[in-house]
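*Asks:* File data-v2.pdb below, PDB, C-alpha atoms and all ligand atoms:
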MODEL        1
ATOM      1  CA  MET V   1      -8.268  -5.272  19.022  1.00  0.00           C
ATOM      2  CA  SER V   2      -5.448  -2.808  18.749  1.00  0.00           C
ATOM      3  CA  GLY V   3      -7.254  -0.133  20.740  1.00  0.00           C
ATOM      4  CA  GLU V   4      -5.258   2.725  19.331  1.00  0.00           C
ATOM      5  CA  THR V   5      -4.987   4.716  16.119  1.00  0.00           C
ATOM      6  CA  GLU V   6      -8.428   3.643  14.995  1.00  0.00           C
ATOM      7  CA  ASP V   7      -8.800   6.744  12.886  1.00  0.00           C
ATOM      8  CA  GLU V   8      -9.594   6.238   9.256  1.00  0.00           C
ATOM      9  CA  GLN V   9      -6.559   6.626   7.078  1.00  0.00           C
ATOM     10  CA  TRP V  10      -4.834   5.147   4.045  1.00  0.00           C
ATOM     11  CA  TRP V  11      -3.331   1.688   4.393  1.00  0.00           C
ATOM     12  CA  TRP V  12      -0.818  -0.001   2.125  1.00  0.00           C
ATOM     13  CA  CYS V  13      -0.775  -3.759   1.726  1.00  0.00           C
ATOM     14  CA  LEU V  14       2.582  -5.511   1.897  1.00  0.00           C
ATOM     15  CA  HIS V  15       1.311  -8.355  -0.284  1.00  0.00           C
ATOM     16  CA  CYS V  16      -0.242  -6.599  -3.247  1.00  0.00           C
ATOM     17  CA  GLU V  17       1.241  -3.124  -2.728  1.00  0.00           C
ATOM     18  CA  ARG V  18      -2.159  -1.529  -3.220  1.00  0.00           C
ATOM     19  CA  VAL V  19      -3.902   0.887  -0.899  1.00  0.00           C
ATOM     20  CA  ASN V  20      -7.240   1.154   0.847  1.00  0.00           C
ATOM     21  CA  HIS V  21      -8.844   3.818   2.994  1.00  0.00           C
ATOM     22  CA  GLY V  22     -10.626   3.394   6.284  1.00  0.00           C
ATOM     23  CA  LYS V  23      -9.934   1.777   9.603  1.00  0.00           C
ATOM     24  CA  ARG V  24      -7.189  -0.834   9.592  1.00  0.00           C
ATOM     25  CA  PRO V  25      -8.728  -3.830   7.801  1.00  0.00           C
ATOM     26  CA  ASP V  26      -8.500  -7.405   9.100  1.00  0.00           C
ATOM     27  CA  GLN V  27      -8.069  -8.643   5.564  1.00  0.00           C
ATOM     28  CA  CYS V  28      -6.846  -6.922   2.434  1.00  0.00           C
ATOM     29  CA  PRO V  29      -9.976  -5.560   0.737  1.00  0.00           C
ATOM     30  CA  HIS V  30      -8.572  -6.415  -2.673  1.00  0.00           C
ATOM     31  CA  GLY V  31     -10.219  -9.732  -3.410  1.00  0.00           C
ATOM     32  CA  ASP V  32      -7.310 -11.412  -5.139  1.00  0.00           C
ATOM     33  CA  CYS V  33      -4.946 -10.764  -2.240  1.00  0.00           C
ATOM     34  CA  ASP V  34      -4.439 -12.813   0.917  1.00  0.00           C
ATOM     35  CA  GLY V  35      -2.848 -10.012   2.923  1.00  0.00           C
ATOM     36  CA  ASP V  36      -4.096  -9.651   6.464  1.00  0.00           C
ATOM     37  CA  TRP V  37      -3.965  -7.204   9.355  1.00  0.00           C
ATOM     38  CA  LEU V  38      -0.222  -7.540   9.822  1.00  0.00           C
ATOM     39  CA  ASP V  39       0.352  -6.712   6.170  1.00  0.00           C
ATOM     40  CA  MET V  40      -1.399  -3.353   6.413  1.00  0.00           C
ATOM     41  CA  TRP V  41       1.154  -0.592   6.719  1.00  0.00           C
ATOM     42  CA  SER V  42       0.382   3.045   7.237  1.00  0.00           C
ATOM     43  CA  TRP V  43       0.548   4.902   3.937  1.00  0.00           C
ATOM     44  CA  ASP V  44       2.569   7.650   5.598  1.00  0.00           C
ATOM     45  CA  GLN V  45       5.237   5.085   6.399  1.00  0.00           C
ATOM     46  CA  ILE V  46       5.430   3.960   2.780  1.00  0.00           C
ATOM     47  CA  ARG V  47       5.454   7.461   1.399  1.00  0.00           C
ATOM     48  CA  ASP V  48       8.550   8.327   3.376  1.00  0.00           C
ATOM     49  CA  GLY V  49      10.244   4.946   3.180  1.00  0.00           C
ATOM     50  CA  GLU V  50      13.618   4.343   1.652  1.00  0.00           C
ATOM     51  CA  GLY V  51      13.966   7.843   0.328  1.00  0.00           C
ATOM     52  CA  PHE V  52      13.017   6.860  -3.190  1.00  0.00           C
ATOM     53  CA  GLY V  53      10.643   8.874  -5.264  1.00  0.00           C
ATOM     54  CA  ASP V  54       7.751  10.757  -3.838  1.00  0.00           C
ATOM     55  CA  TYR V  55       4.312   9.217  -3.517  1.00  0.00           C
ATOM     56  CA  PRO V  56       1.222  11.428  -3.265  1.00  0.00           C
ATOM     57  CA  LEU V  57      -0.347  12.337   0.036  1.00  0.00           C
ATOM     58  CA  VAL V  58      -3.583  10.822  -1.204  1.00  0.00           C
ATOM     59  CA  PRO V  59      -2.937   7.620  -3.156  1.00  0.00           C
ATOM     60  CA  ASP V  60      -5.132   6.000  -5.800  1.00  0.00           C
ATOM     61  CA  SER V  61      -6.623   2.645  -4.833  1.00  0.00           C
ATOM     62  CA  SER V  62      -6.467   1.474  -8.438  1.00  0.00           C
ATOM     63  CA  MET V  63      -2.694   1.833  -8.495  1.00  0.00           C
ATOM     64  CA  VAL V  64       0.136  -0.379  -7.275  1.00  0.00           C
ATOM     65  CA  TYR V  65       2.796   1.383  -5.230  1.00  0.00           C
ATOM     66  CA  PRO V  66       6.028  -0.617  -5.012  1.00  0.00           C
ATOM     67  CA  MET V  67       7.957  -0.244  -1.771  1.00  0.00           C
ATOM     68  CA  TYR V  68      11.286  -0.355  -3.547  1.00  0.00           C
ATOM     69  CA  ALA V  69      12.579   1.071  -6.748  1.00  0.00           C
ATOM     70  CA  ASP V  70      12.929  -1.759  -9.244  1.00  0.00           C
ATOM     71  CA  THR V  71      14.413   0.157 -12.091  1.00  0.00           C
ATOM     72  CA  CYS V  72      17.954   1.325 -12.604  1.00  0.00           C
ATOM     73  CA  ASP V  73      17.069   4.989 -12.277  1.00  0.00           C
ATOM     74  CA  GLY V  74      16.404   4.464  -8.591  1.00  0.00           C
ATOM     75  CA  MET V  75      12.943   6.001  -8.548  1.00  0.00           C
ATOM     76  CA  ARG V  76       9.810   4.356  -7.328  1.00  0.00           C
ATOM     77  CA  ALA V  77       6.916   4.473  -9.749  1.00  0.00           C
ATOM     78  CA  ALA V  78       3.294   3.550  -9.262  1.00  0.00           C
ATOM     79  CA  TYR V  79       1.522   1.632 -12.003  1.00  0.00           C
ATOM     80  CA  PRO V  80      -2.097   0.651 -12.584  1.00  0.00           C
ATOM     81  CA  ALA V  81      -3.286  -2.526 -10.903  1.00  0.00           C
ATOM     82  CA  THR V  82      -4.603  -5.151 -13.274  1.00  0.00           C
ATOM     83  CA  GLU V  83      -6.116  -8.602 -12.986  1.00  0.00           C
ATOM     84  CA  ALA V  84      -2.629  -9.981 -13.485  1.00  0.00           C
ATOM     85  CA  VAL V  85      -1.375  -8.474 -10.243  1.00  0.00           C
ATOM     86  CA  GLN V  86      -1.226 -11.185  -7.638  1.00  0.00           C
ATOM     87  CA  ALA V  87       0.252 -11.214  -4.173  1.00  0.00           C
TER
HETATM   88 ZN    ZN H 101      -3.318  -6.812  -0.557  1.00  0.00          ZN
ENDMDL
END
Would you write the structure of this file as structure tokens?
Ligand SMILES: [Zn+2]
*Replies:*
Amino acid sequence: MSGETEDEQWWWCLHCERVNHGKRPDQCPHGDCDGDWLDMWSWDQIRDGEGFGDYPLVPDSSMVYPMYADTCDGMRAAYPATEAVQA
């Protein structure tokens, strides 16, 4: 029981780098992921993190949003989640 910030919002999972909306989940709602409560980061925190790229205010739960840029142009880029995406 965290007792605070129980408002519904977007959460980003550290394991699968996908998002979900609602109250902070105990387990990642994406079935192929073993992320738990501690792995749920506020979307706002990810949006502003590291200064790379610019993620939308309202993310798409079918997309993967990397925390770090992994390409040489230094920009973060979301890509569609597929069955192959595993934590
Ligand atoms: Zn996850």
*Asks:* Identify all residues satisfying the PyMOL selection byres (((chain V and resi 42) around 10) and not hetatm) in the given file; provide them as an MDAnalysis selection string.
*Replies:* chainID V and resid 9:13 19 24 39:41 43:47
*Asks:* What does the structure give for the distance between atom CA of Pro56 of chain V and atom CA of Asp34 of chain V, in Å to one decimal?
*Replies:* 25.2 Å
*Asks:* List all protein, DNA and RNA residues that have any atom at most 6 Å from ligand ZN 101 (chain H), counting all atoms listed in the file, and write the list as a list in words.
*Replies:* Cys13, His15, Cys16, Cys28, His30, Cys33 and Gly35 of chain V
*Asks:* How far is it from atom CA of Gly22 of chain V to atom CA of Met75 of chain V, in Å with one decimal?
*Replies:* 28.0 Å
*Asks:* Please evaluate the PyMOL selection byres (((chain V and resi 61) around 10) and not hetatm) against the displayed coordinates and give the resulting residues as a ChimeraX atom specification.
*Replies:* /V:10-12,17-21,30,58-60,62-65,80-81
*Asks:* What is the atom CA of Thr82 of chain V-atom CA of Pro29 of chain V distance in Å, reported with one decimal?
*Replies:*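 Result for atom CA of Thr82 of chain V versus atom CA of Pro29 of chain V: 15.0 Å, one decimal.
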*Asks:* I need the output of the PyMOL selection byres (((chain V and resi 77) around 8) and not hetatm) for this file as a PyMOL selection string; which residues are they?
*Replies:* chain V and resi 53+65-66+69+75-76+78-79
